[in-house]
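**Student:** query.cif (mmCIF, C-alpha atoms) pasted underneath:
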data_data
#
loop_
_atom_site.group_PDB
_atom_site.id
_atom_site.type_symbol
_atom_site.label_atom_id
_atom_site.label_comp_id
_atom_site.auth_asym_id
_atom_site.auth_seq_id
_atom_site.Cartn_x
_atom_site.Cartn_y
_atom_site.Cartn_z
ATOM 1 C CA MET O 1323 20.926 -45.889 -21.157
ATOM 2 C CA VAL O 1324 21.081 -44.212 -17.761
ATOM 3 C CA ALA O 1325 18.463 -45.162 -15.182
ATOM 4 C CA PRO O 1326 16.693 -42.299 -13.377
ATOM 5 C CA VAL O 1327 18.007 -41.821 -9.861
ATOM 6 C CA PHE O 1328 15.553 -39.209 -8.566
ATOM 7 C CA LEU O 1329 14.459 -40.151 -5.043
ATOM 8 C CA SER O 1330 16.552 -43.269 -5.161
ATOM 9 C CA THR O 1331 17.888 -43.183 -1.621
ATOM 10 C CA PHE O 1332 16.340 -42.633 1.772
ATOM 11 C CA TRP O 1333 17.968 -39.203 2.160
ATOM 12 C CA ASP O 1334 16.693 -38.078 -1.244
ATOM 13 C CA VAL O 1335 13.168 -38.812 -0.051
ATOM 14 C CA ILE O 1336 13.810 -36.945 3.228
ATOM 15 C CA TRP O 1337 15.132 -33.865 1.407
ATOM 16 C CA ALA O 1338 12.238 -33.910 -1.059
ATOM 17 C CA GLY O 1339 9.780 -34.037 1.845
ATOM 18 C CA PHE O 1340 11.654 -31.204 3.588
ATOM 19 C CA ILE O 1341 11.462 -29.026 0.483
ATOM 20 C CA VAL O 1342 7.764 -29.679 0.007
ATOM 21 C CA PHE O 1343 6.668 -29.185 3.616
ATOM 22 C CA PHE O 1344 8.991 -26.379 4.690
ATOM 23 C CA VAL O 1345 9.469 -24.420 1.466
ATOM 24 C CA MET O 1346 6.673 -24.986 -1.047
ATOM 25 C CA ILE O 1347 3.694 -25.067 1.333
ATOM 26 C CA PRO O 1348 4.658 -21.790 3.119
ATOM 27 C CA LEU O 1349 5.186 -20.094 -0.259
ATOM 28 C CA ILE O 1350 1.754 -21.242 -1.447
ATOM 29 C CA MET O 1351 0.231 -20.046 1.830
ATOM 30 C CA LEU O 1352 1.921 -16.642 1.354
ATOM 31 C CA TRP O 1353 0.522 -16.408 -2.170
ATOM 32 C CA VAL O 1354 -2.999 -17.334 -1.026
ATOM 33 C CA PHE O 1355 -2.827 -14.880 1.895
ATOM 34 C CA ALA O 1356 -1.851 -12.061 -0.472
ATOM 35 C CA LEU O 1357 -4.782 -12.863 -2.785
ATOM 36 C CA VAL O 1358 -7.276 -13.081 0.081
ATOM 37 C CA ASP O 1359 -5.964 -9.857 1.614
ATOM 38 C CA LEU O 1360 -6.257 -8.129 -1.748
ATOM 39 C CA PHE O 1361 -9.952 -8.944 -2.053
ATOM 40 C CA VAL O 1362 -10.851 -8.311 1.591
ATOM 41 C CA ARG O 1363 -9.344 -4.823 1.803
ATOM 42 C CA PRO O 1364 -11.829 -2.027 1.087
ATOM 43 C CA ASP O 1365 -9.207 0.638 0.335
ATOM 44 C CA ILE O 1366 -8.013 -0.549 -3.065
ATOM 45 C CA ARG O 1367 -10.517 -0.126 -5.899
ATOM 46 C CA TRP O 1368 -9.125 -0.047 -9.440
ATOM 47 C CA ARG O 1369 -5.629 -1.024 -8.295
ATOM 48 C CA LYS O 1370 -6.964 -4.483 -7.366
ATOM 49 C CA VAL O 1371 -6.827 -5.519 -11.004
ATOM 50 C CA LEU O 1372 -3.195 -4.436 -11.357
ATOM 51 C CA TRP O 1373 -2.191 -6.138 -8.097
ATOM 52 C CA LEU O 1374 -4.122 -9.274 -9.077
ATOM 53 C CA ILE O 1375 -2.282 -9.517 -12.399
ATOM 54 C CA PHE O 1376 1.048 -8.886 -10.673
ATOM 55 C CA ILE O 1377 0.425 -11.465 -7.927
ATOM 56 C CA ILE O 1378 -0.783 -14.129 -10.354
ATOM 57 C CA PHE O 1379 1.902 -13.739 -13.031
ATOM 58 C CA VAL O 1380 4.798 -13.196 -10.597
ATOM 59 C CA PRO O 1381 3.543 -15.394 -7.739
ATOM 60 C CA ILE O 1382 6.222 -15.338 -5.059
ATOM 61 C CA PHE O 1383 7.791 -11.936 -5.664
ATOM 62 C CA GLY O 1384 4.399 -10.388 -6.410
ATOM 63 C CA ALA O 1385 2.966 -11.609 -3.112
ATOM 64 C CA ILE O 1386 6.008 -10.487 -1.124
ATOM 65 C CA ILE O 1387 6.043 -7.036 -2.747
ATOM 66 C CA TYR O 1388 2.288 -6.647 -2.227
ATOM 67 C CA LEU O 1389 2.560 -7.511 1.462
ATOM 68 C CA LEU O 1390 5.489 -5.109 1.918
ATOM 69 C CA VAL O 1391 3.938 -2.068 0.208
ATOM 70 C CA ARG O 1392 0.295 -2.429 1.173
ATOM 71 C CA PRO O 1393 -0.999 0.216 3.574
ATOM 72 C CA SER O 1394 -1.299 -0.735 7.204
ATOM 73 C CA GLU O 1395 -4.700 -1.190 8.826
ATOM 74 C CA ALA O 1396 -4.398 2.185 10.589
ATOM 75 C CA ASP O 1397 -4.109 4.024 7.275
ATOM 76 C CA ILE O 1398 -7.366 2.624 5.914
ATOM 77 C CA ALA O 1399 -10.465 4.713 6.254
ATOM 78 C CA PRO O 1400 -13.391 2.561 7.373
ATOM 79 C CA TYR O 1401 -16.042 1.884 4.802
ATOM 80 C CA GLU O 1402 -18.971 4.201 5.300
ATOM 81 C CA GLU O 1403 -22.365 3.613 3.779
ATOM 82 C CA PRO O 1404 -23.882 6.577 1.993
ATOM 83 C CA PRO O 1405 -26.318 8.486 4.157
ATOM 84 C CA SER O 1406 -29.892 7.433 3.610
ATOM 85 C CA GLU O 1407 -32.798 9.764 3.892
ATOM 86 C CA ALA O 1408 -33.999 9.717 7.444
ATOM 87 C CA VAL O 1409 -37.698 9.103 7.925
ATOM 88 C CA PRO O 1410 -39.028 11.422 10.627
ATOM 89 C CA ASP O 1411 -40.803 9.731 13.481
ATOM 90 C CA ALA O 1412 -44.479 10.638 13.538
#
Any chance you could put this one into structure tokens?
**Tutor:**
Amino acid sequence: MVAPVFLSTFWDVIWAGFIVFFVMIPLIMLWVFALVDLFVRPDIRWRKVLWLIFIIFVPIFGAIIYLLVRPSEADIAPYEEPPSEAVPDA
């Protein structure tokens, strides 16, 4: 029977740490940023559900595509509250 050799040497441990800290953590941060940006933006209404499904089921590519095709901040109309009836000053 063959003994497992995963992380058996010092350099295997170094490369595993490199992959976790410099590859996996930035990808997770990118994914989380895309989800937070999706919910914070006021411009997307019904498309949020489609983007959410796409980002969750295709995590890395979905987040990258979302961040590339989302409208810039200058293109977003600011949220305006509906006008309320003004009470005349007496």
**Student:** Quick one: pull the distance between CA of Trp1337 (chain O) and CA of Met1351 (chain O), Å, one decimal.
**Tutor:**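 Separation of CA of Trp1337 (chain O) and CA of Met1351 (chain O): 20.3 Å.
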**Student:** Report, in Å with one decimal, the straight-line distance from CA of Leu1372 (chain O) to CA of Pro1348 (chain O).
**Tutor:**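 It comes out at 23.9 Å.
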**Student:** Evaluate the PyMOL selection byres ((chain O and resi 1385) around 12) on the structure here and hand back the selected residues as JSON, numbers by chain.
**Tutor:** {"O": [1349, 1350, 1351, 1352, 1353, 1354, 1355, 1356, 1357, 1358, 1359, 1360, 1373, 1374, 1375, 1376, 1377, 1378, 1379, 1380, 1381, 1382, 1383, 1384, 1386, 1387, 1388, 1389, 1390, 1391, 1392]}
**Student:** Record the distance separating CA of Phe1344 (chain O) and CA of Ser1394 (chain O), expressed in Å with one decimal.
**Tutor:**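 CA of Phe1344 (chain O) sits 27.7 Å away from CA of Ser1394 (chain O).
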